[in-house]
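Everything below belongs to coords.pdb, which stores PDB, C-alpha atoms.
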ATOM      1  CA  MET A 194     -51.691  83.263 -13.371
ATOM      2  CA  THR A 195     -47.914  83.633 -13.617
ATOM      3  CA  THR A 196     -46.674  86.742 -15.438
ATOM      4  CA  VAL A 197     -44.002  85.985 -18.044
ATOM      5  CA  THR A 198     -41.765  88.771 -19.310
ATOM      6  CA  PRO A 199     -41.531  88.678 -23.118
ATOM      7  CA  GLY A 200     -38.233  87.196 -24.265
ATOM      8  CA  VAL A 201     -37.408  85.827 -20.797
ATOM      9  CA  ARG A 202     -37.787  82.128 -20.167
ATOM     10  CA  PRO A 203     -39.134  81.059 -16.769
ATOM     11  CA  ALA A 204     -36.522  79.388 -14.588
ATOM     12  CA  PRO A 205     -36.693  75.590 -14.905
ATOM     13  CA  PRO A 206     -37.748  73.631 -11.824
ATOM     14  CA  HIS A 207     -35.012  72.840  -9.343
ATOM     15  CA  ARG A 208     -33.862  69.231  -9.834
ATOM     16  CA  VAL A 209     -33.913  67.039  -6.719
ATOM     17  CA  VAL A 210     -32.451  63.534  -6.921
ATOM     18  CA  VAL A 211     -33.008  61.043  -4.098
ATOM     19  CA  LEU A 212     -30.232  58.448  -3.766
ATOM     20  CA  ALA A 213     -31.594  55.156  -2.393
ATOM     21  CA  LEU A 214     -29.286  52.624  -0.765
ATOM     22  CA  ASP A 215     -30.113  49.105   0.293
ATOM     23  CA  GLY A 216     -32.030  49.096   3.565
ATOM     24  CA  VAL A 217     -33.561  52.519   2.851
ATOM     25  CA  VAL A 218     -36.147  53.797   5.335
ATOM     26  CA  GLY A 219     -39.477  53.910   3.519
ATOM     27  CA  LEU A 220     -40.723  57.156   5.045
ATOM     28  CA  ASP A 221     -37.411  58.926   4.458
ATOM     29  CA  LEU A 222     -37.472  57.851   0.817
ATOM     30  CA  GLY A 223     -40.946  59.270   0.258
ATOM     31  CA  THR A 224     -40.539  62.507   2.224
ATOM     32  CA  PRO A 225     -38.578  64.537  -0.381
ATOM     33  CA  ALA A 226     -40.967  63.578  -3.180
ATOM     34  CA  GLN A 227     -44.000  64.487  -1.073
ATOM     35  CA  VAL A 228     -42.716  67.797   0.275
ATOM     36  CA  PHE A 229     -40.743  69.138  -2.698
ATOM     37  CA  GLY A 230     -43.327  67.749  -5.098
ATOM     38  CA  THR A 231     -46.040  69.770  -3.349
ATOM     39  CA  ALA A 232     -44.215  73.109  -3.596
ATOM     40  CA  ARG A 233     -45.836  75.450  -6.130
ATOM     41  CA  ASN A 234     -45.420  79.065  -7.075
ATOM     42  CA  ALA A 235     -48.304  81.548  -7.044
ATOM     43  CA  GLY A 236     -49.323  80.371 -10.515
ATOM     44  CA  GLY A 237     -49.560  76.749  -9.388
ATOM     45  CA  GLU A 238     -46.431  75.635 -11.250
ATOM     46  CA  SER A 239     -44.105  73.038  -9.727
ATOM     47  CA  LEU A 240     -40.903  74.488  -8.322
ATOM     48  CA  TYR A 241     -39.049  71.188  -8.085
ATOM     49  CA  THR A 242     -38.732  67.985 -10.070
ATOM     50  CA  ILE A 243     -37.950  64.836  -8.105
ATOM     51  CA  THR A 244     -36.425  61.618  -9.301
ATOM     52  CA  SER A 245     -34.616  58.684  -7.698
ATOM     53  CA  CYS A 246     -31.501  56.644  -8.340
ATOM     54  CA  SER A 247     -29.440  53.759  -7.020
ATOM     55  CA  VAL A 248     -26.195  52.091  -7.966
ATOM     56  CA  GLY A 249     -26.785  50.745 -11.453
ATOM     57  CA  GLY A 250     -30.461  51.644 -11.189
ATOM     58  CA  ARG A 251     -30.921  48.347  -9.384
ATOM     59  CA  PRO A 252     -33.783  47.598  -6.965
ATOM     60  CA  VAL A 253     -33.070  48.250  -3.275
ATOM     61  CA  ARG A 254     -34.709  46.779  -0.208
ATOM     62  CA  SER A 255     -36.658  49.073   2.063
ATOM     63  CA  THR A 256     -37.314  48.706   5.773
ATOM     64  CA  ALA A 257     -41.044  48.661   5.051
ATOM     65  CA  GLY A 258     -41.087  45.173   3.530
ATOM     66  CA  PHE A 259     -41.025  46.118  -0.141
ATOM     67  CA  GLN A 260     -38.417  46.693  -2.817
ATOM     68  CA  VAL A 261     -37.887  50.000  -4.585
ATOM     69  CA  LEU A 262     -37.013  50.295  -8.275
ATOM     70  CA  PRO A 263     -35.407  53.740  -8.767
ATOM     71  CA  ASP A 264     -35.701  55.536 -12.093
ATOM     72  CA  HIS A 265     -31.979  55.916 -12.758
ATOM     73  CA  GLY A 266     -28.426  54.921 -11.965
ATOM     74  CA  LEU A 267     -25.863  57.209 -10.370
ATOM     75  CA  GLU A 268     -25.291  59.026 -13.654
ATOM     76  CA  ILE A 269     -28.401  61.134 -12.954
ATOM     77  CA  LEU A 270     -26.547  62.780 -10.065
ATOM     78  CA  ALA A 271     -24.655  64.790 -12.673
ATOM     79  CA  GLU A 272     -27.929  66.611 -13.457
ATOM     80  CA  ALA A 273     -28.963  67.275  -9.840
ATOM     81  CA  ASP A 274     -29.252  70.651  -8.172
ATOM     82  CA  THR A 275     -29.953  68.993  -4.821
ATOM     83  CA  ILE A 276     -29.210  65.417  -3.726
ATOM     84  CA  VAL A 277     -31.059  63.794  -0.809
ATOM     85  CA  LEU A 278     -29.728  60.784   1.150
ATOM     86  CA  PRO A 279     -32.601  59.051   3.010
ATOM     87  CA  GLY A 280     -31.912  57.086   6.175
ATOM     88  CA  ILE A 281     -30.857  53.434   6.125
ATOM     89  CA  HIS A 282     -31.175  50.694   8.739
ATOM     90  CA  ASP A 283     -28.353  48.400   7.643
ATOM     91  CA  GLY A 284     -25.433  48.211   5.250
ATOM     92  CA  ALA A 285     -21.753  49.189   5.358
ATOM     93  CA  PRO A 286     -22.281  52.866   6.308
ATOM     94  CA  LEU A 287     -23.985  51.759   9.533
ATOM     95  CA  THR A 288     -22.015  48.606  10.311
ATOM     96  CA  LEU A 289     -18.517  49.520   9.117
ATOM     97  CA  GLY A 290     -18.555  53.287   8.664
ATOM     98  CA  THR A 291     -17.720  52.891   4.975
ATOM     99  CA  VAL A 292     -19.552  53.440   1.698
ATOM    100  CA  ASP A 293     -19.416  51.936  -1.788
ATOM    101  CA  PRO A 294     -16.496  53.630  -3.642
ATOM    102  CA  GLU A 295     -18.794  54.367  -6.597
ATOM    103  CA  ILE A 296     -21.217  56.226  -4.327
ATOM    104  CA  ARG A 297     -18.379  58.048  -2.591
ATOM    105  CA  ALA A 298     -16.935  59.228  -5.919
ATOM    106  CA  ALA A 299     -20.331  60.348  -7.236
ATOM    107  CA  LEU A 300     -21.158  62.326  -4.080
ATOM    108  CA  ARG A 301     -17.760  63.981  -3.922
ATOM    109  CA  ALA A 302     -17.952  64.924  -7.606
ATOM    110  CA  ALA A 303     -21.394  66.450  -7.062
ATOM    111  CA  HIS A 304     -20.172  68.358  -4.022
ATOM    112  CA  ASP A 305     -17.199  69.685  -5.986
ATOM    113  CA  ARG A 306     -19.648  71.013  -8.600
ATOM    114  CA  GLY A 307     -21.504  72.948  -5.901
ATOM    115  CA  VAL A 308     -24.544  70.686  -5.651
ATOM    116  CA  ARG A 309     -26.512  70.998  -2.402
ATOM    117  CA  ILE A 310     -26.557  67.672  -0.553
ATOM    118  CA  MET A 311     -28.994  66.760   2.225
ATOM    119  CA  SER A 312     -29.403  63.750   4.476
ATOM    120  CA  ILE A 313     -32.320  62.477   6.513
ATOM    121  CA  CYS A 314     -31.704  60.513   9.709
ATOM    122  CA  THR A 315     -28.914  57.927   9.247
ATOM    123  CA  GLY A 316     -28.271  59.168   5.729
ATOM    124  CA  ALA A 317     -25.654  61.305   7.483
ATOM    125  CA  PHE A 318     -23.570  58.134   7.851
ATOM    126  CA  VAL A 319     -23.296  58.019   4.053
ATOM    127  CA  LEU A 320     -22.178  61.643   3.811
ATOM    128  CA  ALA A 321     -19.646  61.131   6.587
ATOM    129  CA  ALA A 322     -18.304  57.921   5.039
ATOM    130  CA  ALA A 323     -17.840  59.832   1.787
ATOM    131  CA  GLY A 324     -15.629  62.292   3.684
ATOM    132  CA  LEU A 325     -17.948  65.253   3.140
ATOM    133  CA  LEU A 326     -18.664  66.057   6.792
ATOM    134  CA  ASP A 327     -15.107  66.114   8.172
ATOM    135  CA  GLY A 328     -14.706  69.138  10.424
ATOM    136  CA  ARG A 329     -18.267  70.289   9.767
ATOM    137  CA  PRO A 330     -21.394  70.455  11.944
ATOM    138  CA  ALA A 331     -24.020  67.756  11.418
ATOM    139  CA  THR A 332     -26.748  65.788  13.117
ATOM    140  CA  THR A 333     -28.395  62.384  12.869
ATOM    141  CA  HIS A 334     -30.929  60.383  14.861
ATOM    142  CA  TRP A 335     -29.988  60.622  18.535
ATOM    143  CA  ALA A 336     -30.120  56.823  18.949
ATOM    144  CA  TYR A 337     -27.200  56.459  16.505
ATOM    145  CA  ALA A 338     -25.041  59.254  17.917
ATOM    146  CA  ALA A 339     -22.556  57.045  19.802
ATOM    147  CA  ARG A 340     -21.996  54.855  16.751
ATOM    148  CA  PHE A 341     -21.632  57.888  14.502
ATOM    149  CA  ARG A 342     -18.996  59.416  16.765
ATOM    150  CA  ARG A 343     -17.111  56.124  16.886
ATOM    151  CA  PHE A 344     -16.906  55.915  13.094
ATOM    152  CA  HIS A 345     -16.531  59.640  12.359
ATOM    153  CA  PRO A 346     -14.866  61.467  15.276
ATOM    154  CA  SER A 347     -13.848  64.437  13.107
ATOM    155  CA  VAL A 348     -17.472  65.429  12.453
ATOM    156  CA  ARG A 349     -18.893  68.080  14.802
ATOM    157  CA  LEU A 350     -21.991  66.077  15.670
ATOM    158  CA  ASP A 351     -24.899  67.660  17.543
ATOM    159  CA  PRO A 352     -27.415  64.853  18.171
ATOM    160  CA  GLU A 353     -29.965  67.031  19.965
ATOM    161  CA  VAL A 354     -31.142  69.316  17.166
ATOM    162  CA  LEU A 355     -33.721  68.689  14.442
ATOM    163  CA  PHE A 356     -31.483  69.699  11.568
ATOM    164  CA  VAL A 357     -28.254  71.483  10.709
ATOM    165  CA  ASP A 358     -27.943  73.819   7.728
ATOM    166  CA  ASP A 359     -24.272  74.256   6.896
ATOM    167  CA  GLY A 360     -24.821  75.811   3.504
ATOM    168  CA  ASP A 361     -24.099  73.206   0.843
ATOM    169  CA  LEU A 362     -24.431  70.301   3.291
ATOM    170  CA  LEU A 363     -27.568  69.830   5.380
ATOM    171  CA  THR A 364     -28.349  67.006   7.793
ATOM    172  CA  SER A 365     -31.452  66.158   9.787
ATOM    173  CA  ALA A 366     -32.515  63.932  12.636
ATOM    174  CA  GLY A 367     -34.875  60.992  12.395
ATOM    175  CA  VAL A 368     -38.213  60.552  10.625
ATOM    176  CA  ALA A 369     -40.293  63.751  10.931
ATOM    177  CA  ALA A 370     -37.184  65.957  11.064
ATOM    178  CA  GLY A 371     -36.757  65.186   7.376
ATOM    179  CA  LEU A 372     -40.028  67.030   6.782
ATOM    180  CA  ASP A 373     -38.692  69.990   8.756
ATOM    181  CA  LEU A 374     -35.504  70.080   6.712
ATOM    182  CA  CYS A 375     -37.310  69.910   3.361
ATOM    183  CA  LEU A 376     -39.616  72.751   4.392
ATOM    184  CA  HIS A 377     -36.608  74.742   5.604
ATOM    185  CA  VAL A 378     -34.994  74.342   2.186
ATOM    186  CA  ILE A 379     -38.188  75.450   0.415
ATOM    187  CA  ARG A 380     -38.386  78.462   2.731
ATOM    188  CA  THR A 381     -34.751  79.312   1.953
ATOM    189  CA  ASP A 382     -35.278  78.892  -1.801
ATOM    190  CA  HIS A 383     -38.670  80.557  -2.224
ATOM    191  CA  GLY A 384     -39.717  82.341   0.976
ATOM    192  CA  SER A 385     -42.213  81.721   3.733
ATOM    193  CA  GLY A 386     -45.343  81.951   1.581
ATOM    194  CA  VAL A 387     -44.425  78.961  -0.568
ATOM    195  CA  ALA A 388     -43.172  76.983   2.440
ATOM    196  CA  ASN A 389     -46.340  77.677   4.417
ATOM    197  CA  ARG A 390     -48.582  76.652   1.522
ATOM    198  CA  THR A 391     -46.547  73.474   1.084
ATOM    199  CA  ALA A 392     -46.833  72.653   4.774
ATOM    200  CA  ARG A 393     -50.580  73.154   4.712
ATOM    201  CA  ARG A 394     -50.913  70.811   1.736
ATOM    202  CA  CYS A 395     -48.816  68.220   3.588
ATOM    203  CA  VAL A 396     -50.787  68.833   6.824
ATOM    204  CA  VAL A 397     -47.653  69.421   8.916
ATOM    205  CA  PRO A 398     -46.380  72.354  11.000
ATOM    206  CA  SER A 399     -45.037  75.057   8.717
ATOM    207  CA  TRP A 400     -41.869  75.641  10.691
ATOM    208  CA  ARG A 401     -39.872  74.107  13.504
ATOM    209  CA  ASP A 402     -36.534  75.708  14.254
ATOM    210  CA  GLY A 403     -33.567  73.492  13.387
ATOM    211  CA  GLY A 404     -32.144  74.164  16.837
ATOM    212  CA  GLN A 405     -35.212  72.694  18.501
ATOM    213  CA  ALA A 406     -34.428  69.600  20.536
ATOM    214  CA  GLN A 407     -35.055  66.127  19.177
ATOM    215  CA  TYR A 408     -37.532  64.113  21.198
ATOM    216  CA  ILE A 409     -34.864  62.114  22.973
ATOM    217  CA  GLU A 410     -36.086  59.475  25.414
ATOM    218  CA  ARG A 411     -36.808  61.090  28.750
ATOM    219  CA  PRO A 412     -39.000  59.936  31.625
ATOM    220  CA  LEU A 413     -42.513  61.083  30.778
ATOM    221  CA  PRO A 414     -44.783  62.551  33.433
ATOM    222  CA  GLU A 415     -47.856  60.595  34.401
ATOM    223  CA  PRO A 416     -50.988  61.796  32.575
ATOM    224  CA  ALA A 417     -52.404  63.305  35.741
ATOM    225  CA  ALA A 418     -49.185  65.242  36.307
ATOM    226  CA  THR A 419     -49.170  67.023  32.947
ATOM    227  CA  GLY A 420     -50.419  70.542  32.910
ATOM    228  CA  THR A 421     -48.267  73.106  31.121
ATOM    229  CA  GLY A 422     -49.876  72.732  27.686
ATOM    230  CA  ARG A 423     -52.737  75.097  28.466
ATOM    231  CA  THR A 424     -50.274  77.601  29.892
ATOM    232  CA  ARG A 425     -48.063  77.366  26.809
ATOM    233  CA  GLU A 426     -51.030  78.362  24.661
ATOM    234  CA  TRP A 427     -51.774  81.206  27.092
ATOM    235  CA  ILE A 428     -48.163  82.390  26.752
ATOM    236  CA  ARG A 429     -48.241  82.245  22.940
ATOM    237  CA  ALA A 430     -51.191  84.635  22.952
ATOM    238  CA  ARG A 431     -49.194  87.087  25.105
ATOM    239  CA  LEU A 432     -45.721  87.062  23.594
ATOM    240  CA  HIS A 433     -45.826  90.858  23.368
ATOM    241  CA  GLU A 434     -46.298  91.177  27.130
ATOM    242  CA  PRO A 435     -43.563  91.059  29.810
ATOM    243  CA  LEU A 436     -44.120  87.617  31.358
ATOM    244  CA  THR A 437     -42.479  86.371  34.531
ATOM    245  CA  LEU A 438     -41.913  82.808  35.652
ATOM    246  CA  ALA A 439     -44.202  83.449  38.618
ATOM    247  CA  GLN A 440     -47.016  84.543  36.268
ATOM    248  CA  MET A 441     -46.600  81.409  34.161
ATOM    249  CA  ALA A 442     -46.603  79.148  37.213
ATOM    250  CA  GLY A 443     -49.598  80.991  38.620
ATOM    251  CA  HIS A 444     -51.567  80.446  35.434
ATOM    252  CA  ALA A 445     -50.794  76.724  35.660
ATOM    253  CA  SER A 446     -51.780  76.746  39.376
ATOM    254  CA  MET A 447     -48.372  75.360  40.339
ATOM    255  CA  SER A 448     -45.445  76.468  42.403
ATOM    256  CA  VAL A 449     -42.540  77.890  40.420
ATOM    257  CA  ARG A 450     -40.417  74.841  41.236
ATOM    258  CA  THR A 451     -43.079  72.335  40.146
ATOM    259  CA  PHE A 452     -43.964  74.328  37.053
ATOM    260  CA  THR A 453     -40.319  74.543  35.959
ATOM    261  CA  ARG A 454     -39.787  70.809  36.450
ATOM    262  CA  ARG A 455     -42.931  69.783  34.591
ATOM    263  CA  PHE A 456     -42.325  72.310  31.827
ATOM    264  CA  ARG A 457     -38.886  70.841  31.164
ATOM    265  CA  GLU A 458     -40.271  67.296  31.264
ATOM    266  CA  GLU A 459     -42.866  68.168  28.624
ATOM    267  CA  THR A 460     -40.792  70.382  26.299
ATOM    268  CA  GLY A 461     -37.148  69.563  26.979
ATOM    269  CA  LEU A 462     -36.533  73.261  27.692
ATOM    270  CA  SER A 463     -36.758  75.626  30.631
ATOM    271  CA  PRO A 464     -39.676  78.103  30.517
ATOM    272  CA  ALA A 465     -37.255  80.959  29.758
ATOM    273  CA  GLN A 466     -35.594  79.069  26.894
ATOM    274  CA  TRP A 467     -38.945  78.072  25.438
ATOM    275  CA  LEU A 468     -40.325  81.619  25.695
ATOM    276  CA  LEU A 469     -37.253  83.050  23.947
ATOM    277  CA  ARG A 470     -37.655  80.580  21.088
ATOM    278  CA  GLN A 471     -41.356  81.359  20.732
ATOM    279  CA  ARG A 472     -40.627  85.073  20.567
ATOM    280  CA  THR A 473     -37.880  84.509  18.015
ATOM    281  CA  GLU A 474     -40.160  82.334  15.877
ATOM    282  CA  HIS A 475     -42.892  84.974  16.011
ATOM    283  CA  ALA A 476     -40.443  87.730  15.077
ATOM    284  CA  ARG A 477     -39.207  85.693  12.112
ATOM    285  CA  LEU A 478     -42.776  85.097  10.963
ATOM    286  CA  LEU A 479     -43.566  88.808  11.166
ATOM    287  CA  LEU A 480     -40.405  89.696   9.241
ATOM    288  CA  GLU A 481     -41.270  87.169   6.547
ATOM    289  CA  SER A 482     -44.960  87.834   6.156
ATOM    290  CA  THR A 483     -45.638  91.501   7.041
ATOM    291  CA  ASP A 484     -44.415  94.994   6.193
ATOM    292  CA  LEU A 485     -44.158  96.013   9.856
ATOM    293  CA  GLY A 486     -41.126  98.061  10.766
ATOM    294  CA  VAL A 487     -38.412  96.293  12.727
ATOM    295  CA  ASP A 488     -39.266  98.305  15.831
ATOM    296  CA  GLN A 489     -42.890  97.145  15.588
ATOM    297  CA  VAL A 490     -41.783  93.540  15.074
ATOM    298  CA  ALA A 491     -39.610  93.828  18.178
ATOM    299  CA  ARG A 492     -42.529  95.075  20.271
ATOM    300  CA  ARG A 493     -45.094  92.595  18.958
ATOM    301  CA  SER A 494     -42.779  89.637  19.531
ATOM    302  CA  GLY A 495     -41.932  90.677  23.073
ATOM    303  CA  PHE A 496     -38.344  91.830  22.643
ATOM    304  CA  GLY A 497     -39.309  95.417  23.346
ATOM    305  CA  THR A 498     -36.494  97.111  21.460
ATOM    306  CA  THR A 499     -34.916  96.796  18.042
ATOM    307  CA  ALA A 500     -31.540  96.274  19.715
ATOM    308  CA  ALA A 501     -32.807  93.267  21.663
ATOM    309  CA  LEU A 502     -34.342  91.710  18.550
ATOM    310  CA  ARG A 503     -31.184  92.344  16.540
ATOM    311  CA  GLN A 504     -29.034  90.727  19.217
ATOM    312  CA  GLN A 505     -31.247  87.638  19.378
ATOM    313  CA  LEU A 506     -31.327  87.134  15.615
ATOM    314  CA  HIS A 507     -27.557  87.526  15.467
ATOM    315  CA  GLN A 508     -27.168  84.841  18.129
ATOM    316  CA  ARG A 509     -29.649  82.461  16.498
ATOM    317  CA  ILE A 510     -28.978  82.854  12.774
ATOM    318  CA  GLY A 511     -26.102  85.316  12.430
ATOM    319  CA  VAL A 512     -27.921  88.115  10.573
ATOM    320  CA  PRO A 513     -29.785  91.322  11.528
ATOM    321  CA  PRO A 514     -33.572  91.657  11.008
ATOM    322  CA  SER A 515     -33.305  93.592   7.728
ATOM    323  CA  THR A 516     -31.015  90.980   6.180
ATOM    324  CA  TYR A 517     -33.250  88.174   7.379
ATOM    325  CA  ARG A 518     -36.284  89.827   5.777
ATOM    326  CA  ARG A 519     -34.506  90.254   2.428
ATOM    327  CA  THR A 520     -33.245  86.667   2.477
ATOM    328  CA  PHE A 521     -36.348  84.793   3.552
ATOM    329  CA  ARG A 522     -39.132  86.834   2.020
ATOM    330  CA  ALA A 523     -39.974  85.963  -1.563
ATOM    331  CA  PRO A 524     -39.938  88.971  -3.943
ATOM    332  CA  SER A 525     -43.601  88.416  -4.847
ATOM    333  CA  GLU A 526     -44.744  88.524  -1.208
TER     334      GLU A 526
END
Any chance you could put this one into structure tokens?
Amino acid sequence: MTTVTPGVRPAPPHRVVVLALDGVVGLDLGTPAQVFGTARNAGGESLYTITSCSVGGRPVRSTAGFQVLPDHGLEILAEADTIVLPGIHDGAPLTLGTVDPEIRAALRAAHDRGVRIMSICTGAFVLAAAGLLDGRPATTHWAYAARFRRFHPSVRLDPEVLFVDDGDLLTSAGVAAGLDLCLHVIRTDHGSGVANRTARRCVVPSWRDGGQAQYIERPLPEPAATGTGRTREWIRARLHEPLTLAQMAGHASMSVRTFTRRFREETGLSPAQWLLRQRTEHARLLLESTDLGVDQVARRSGFGTTAALRQQLHQRIGVPPSTYRRTFRAPSE
């Protein structure tokens, strides 16, 4: 049961508005409502309200063979704390690099008020066409990267990551990366406990680093040639130990050269890069969910020393361990 201090009103739920354009991707449209709508505090109360809008509140076509009738017109954007742009598969943002002037004006006005704005997949084309991403880092689905760069060369596009958090503007890659971004936002707003509970309710991984590579088309190994999955699980159970490439290859019963090649084919990363990310993820989890000292976190995640952990967190997210813990751990945890 939630404790309420006498005379103090509980904070109202954060207002999320999803802006649907014609040709909206069905999954992208439903993702924010599913993920944010599942987020609850310890007392079971909703932390977000979700509604939808379109130009004039008119129906829009989806890519899934049905029409969508949003609840509101663009005027509801004036009440939003966060705006989400789902992906689209046709329309002026994708074919001409432009956007309806009414949408452009509404998004720019919201941004000027300090509203957080997010995009999923090709929704980044809408943000870019509105002039909000000029000179800023962003991502979109890798298959649309060349077109995006052609229309919006001033945007610092990185088409290989799952999502980019640039403060008030956040962009994500295709389909499932929208789930990752929504969970990242919940984690930022309310800490790891709420985000993890939300992920469990949605039956999805609780956290994938935004810098993780998109699953860009690469030649896949033949089924008989796969073989690093079992070793990856073995490594995850030994992150605190000093592991060498030879030990990893030996566990997989492969030569170092073969192991390295197959590992990259299956993960998109070298064994060393993958191991560093796993250790960083584990350190972040320990900082968020335990009271262990930073030196203990460093040892248990395989960095060995506080200095090494501090250096890695600075490189990855720009803050030291103590700051990360204060930022991403909810006060009630």
If I take CA of Val228 in chain A and CA of Glu268 in chain A, how far is one from the other in Å, to one decimal?
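Calculated distance between CA of Val228 in chain A and CA of Glu268 in chain A is 24.0 Å.
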Write out as a list in words which residues come within 12 Å of Gly284 in chain A when counting all atoms listed in the file, dropping same-chain ones fewer than 3 positions away.
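The contact residues come out as Leu214, Asp215, Gly216, Val217, Val253, Arg254, Ser255, Thr256, Gly280, Ile281, Leu287, Thr288, Leu289, Gly290, Thr291, Val292, Asp293, Thr315, Gly316, Phe318 and Val319 of chain A.
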The residue from A:Glu272, A:Ala302, A:Ala476, A:Arg519 with the smallest atom-to-atom distance to Thr381 in chain A, counting all atoms listed in the file, is A:Arg519
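Straight-line separation from CA of Pro279 in chain A to CA of Ser312 in chain A: 5.9 Å.
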Expand the PyMOL selection byres ((chain A and resi 491) around 12) into the explicit residue set it covers here, and present it as a PyMOL selection string.
chain A and resi 432-434+472-480+485-490+492-506+514
Separation of CA of Val354 in chain A from CA of Asp305 in chain A, in Å and rounded to one decimal:
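One can read the CA of Val354 in chain A to CA of Asp305 in chain A distance as 27.0 Å.
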Selected residue of minimal separation from Ile379 in chain A among A:Ala226, A:Ala331, A:Val396, A:Ala232, counting all atoms listed in the file
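Comparing A:Ala226, A:Ala331, A:Val396, A:Ala232 against Ile379 in chain A, the winner is A:Ala232.
Within the file as shown, the PyMOL selection byres ((chain A and resi 326) around 10) identifies Ala317, Phe318, Val319, Leu320, Ala321, Ala322, Ala323, Gly324, Leu325, Asp327, Gly328, Arg329, Pro330, Ala331, His345, Ser347, Val348, Arg349, Leu350, Asp359, Leu362, Leu363 and Thr364 of chain A.
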Nearest candidate to Gly258 in chain A (options A:Asp484, A:Gly219, A:Cys395, A:Gly422; using all atoms listed in the file)
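That would be A:Gly219, the residue with the smallest distance to Gly258 in chain A.
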Pick the closest to Val397 in chain A from A:Leu376, A:Leu222, A:Ile428, A:Leu436: which is it, counting all atoms listed in the file?
A:Leu376
Quick one: residues within 12 Å of Ala271 in chain A, all atoms listed in the file counted, chain neighbours fewer than 3 positions away excluded, as JSON, numbers by chain?
{"A": [208, 209, 210, 246, 265, 266, 267, 268, 274, 275, 276, 298, 299, 300, 301, 302, 303, 304, 305, 306, 307, 308]}
Restricting the calculation to all atoms listed in the file: of A:Arg470, A:His207, A:Arg340, A:Arg454, which residue gets closest to Pro286 in chain A?
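Among the listed residues, A:Arg340 lies closest to Pro286 in chain A.
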Please evaluate the PyMOL selection byres ((chain A and resi 242) around 8) against the structure above and give the resulting residues as a ChimeraX atom specification.
/A:206-209,229-230,239-241,243-244
Of the listed residues A:Ala213, A:Arg423, A:Leu278, A:Arg429, that which approaches Leu262 in chain A most closely, counting only C-alpha atoms:
A:Ala213
Distance query 6 Å from (-24.5, 54.3, -4.5) using only C-alpha atoms, result as a PyMOL selection string:
chain A and resi 247-248+296
Only C-alpha atoms, please: the residues just picked out, written as a PDB file, keeping the file's coordinate frame.
ATOM      1  CA  SER A 247     -29.440  53.759  -7.020  1.00  0.00           C
ATOM      2  CA  VAL A 248     -26.195  52.091  -7.966  1.00  0.00           C
ATOM      3  CA  ILE A 296     -21.217  56.226  -4.327  1.00  0.00           C
TER       4      ILE A 296
END
Which residues come within 10 Å of Gln440 in chain A, counting all atoms listed in the file, excluding same-chain residues fewer than 5 positions away, as a list in words?
Thr424, Ile428, Pro435, Ala445, Ser446 and Val449 of chain A
How big is the axis-aligned box around the listed atoms of range 474-492 of chain A once 8 Å is added on each side, and where is its centre? Give both in Å to one decimal, as JSON.
{"center_x": -42.0, "center_y": 90.3, "center_z": 13.2, "size_x": 23.2, "size_y": 32.0, "size_z": 30.1}
Where atoms are absent from range 269-280 of chain A, fill them in so it carries N, CA and C atoms, then output it as a PDB file, in the coordinates of the input.
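Once everything was written out, this is result_35.pdb:
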ATOM      1  N   ILE A 269     -27.453  60.028 -13.044  1.00  0.00           N
ATOM      2  CA  ILE A 269     -28.401  61.134 -12.954  1.00  0.00           C
ATOM      3  C   ILE A 269     -27.949  62.190 -11.949  1.00  0.00           C
ATOM      4  N   LEU A 270     -27.043  61.816 -11.043  1.00  0.00           N
ATOM      5  CA  LEU A 270     -26.547  62.780 -10.065  1.00  0.00           C
ATOM      6  C   LEU A 270     -25.843  63.952 -10.737  1.00  0.00           C
ATOM      7  N   ALA A 271     -25.337  63.718 -11.940  1.00  0.00           N
ATOM      8  CA  ALA A 271     -24.655  64.790 -12.673  1.00  0.00           C
ATOM      9  C   ALA A 271     -25.622  65.896 -13.084  1.00  0.00           C
ATOM     10  N   GLU A 272     -26.933  65.616 -13.072  1.00  0.00           N
ATOM     11  CA  GLU A 272     -27.929  66.611 -13.457  1.00  0.00           C
ATOM     12  C   GLU A 272     -28.630  67.243 -12.251  1.00  0.00           C
ATOM     13  N   ALA A 273     -28.254  66.837 -11.043  1.00  0.00           N
ATOM     14  CA  ALA A 273     -28.963  67.275  -9.840  1.00  0.00           C
ATOM     15  C   ALA A 273     -28.550  68.672  -9.401  1.00  0.00           C
ATOM     16  N   ASP A 274     -29.532  69.410  -8.885  1.00  0.00           N
ATOM     17  CA  ASP A 274     -29.252  70.651  -8.172  1.00  0.00           C
ATOM     18  C   ASP A 274     -29.168  70.391  -6.667  1.00  0.00           C
ATOM     19  N   THR A 275     -29.966  69.424  -6.220  1.00  0.00           N
ATOM     20  CA  THR A 275     -29.953  68.993  -4.821  1.00  0.00           C
ATOM     21  C   THR A 275     -30.011  67.473  -4.793  1.00  0.00           C
ATOM     22  N   ILE A 276     -29.204  66.867  -3.928  1.00  0.00           N
ATOM     23  CA  ILE A 276     -29.210  65.417  -3.726  1.00  0.00           C
ATOM     24  C   ILE A 276     -29.665  65.147  -2.301  1.00  0.00           C
ATOM     25  N   VAL A 277     -30.563  64.163  -2.132  1.00  0.00           N
ATOM     26  CA  VAL A 277     -31.059  63.794  -0.809  1.00  0.00           C
ATOM     27  C   VAL A 277     -30.671  62.350  -0.514  1.00  0.00           C
ATOM     28  N   LEU A 278     -30.076  62.117   0.664  1.00  0.00           N
ATOM     29  CA  LEU A 278     -29.728  60.784   1.150  1.00  0.00           C
ATOM     30  C   LEU A 278     -30.719  60.388   2.235  1.00  0.00           C
ATOM     31  N   PRO A 279     -31.690  59.514   1.959  1.00  0.00           N
ATOM     32  CA  PRO A 279     -32.601  59.051   3.010  1.00  0.00           C
ATOM     33  C   PRO A 279     -31.864  58.176   4.019  1.00  0.00           C
ATOM     34  N   GLY A 280     -32.497  57.950   5.161  1.00  0.00           N
ATOM     35  CA  GLY A 280     -31.912  57.086   6.175  1.00  0.00           C
ATOM     36  C   GLY A 280     -31.871  55.628   5.730  1.00  0.00           C
TER      37      GLY A 280
END
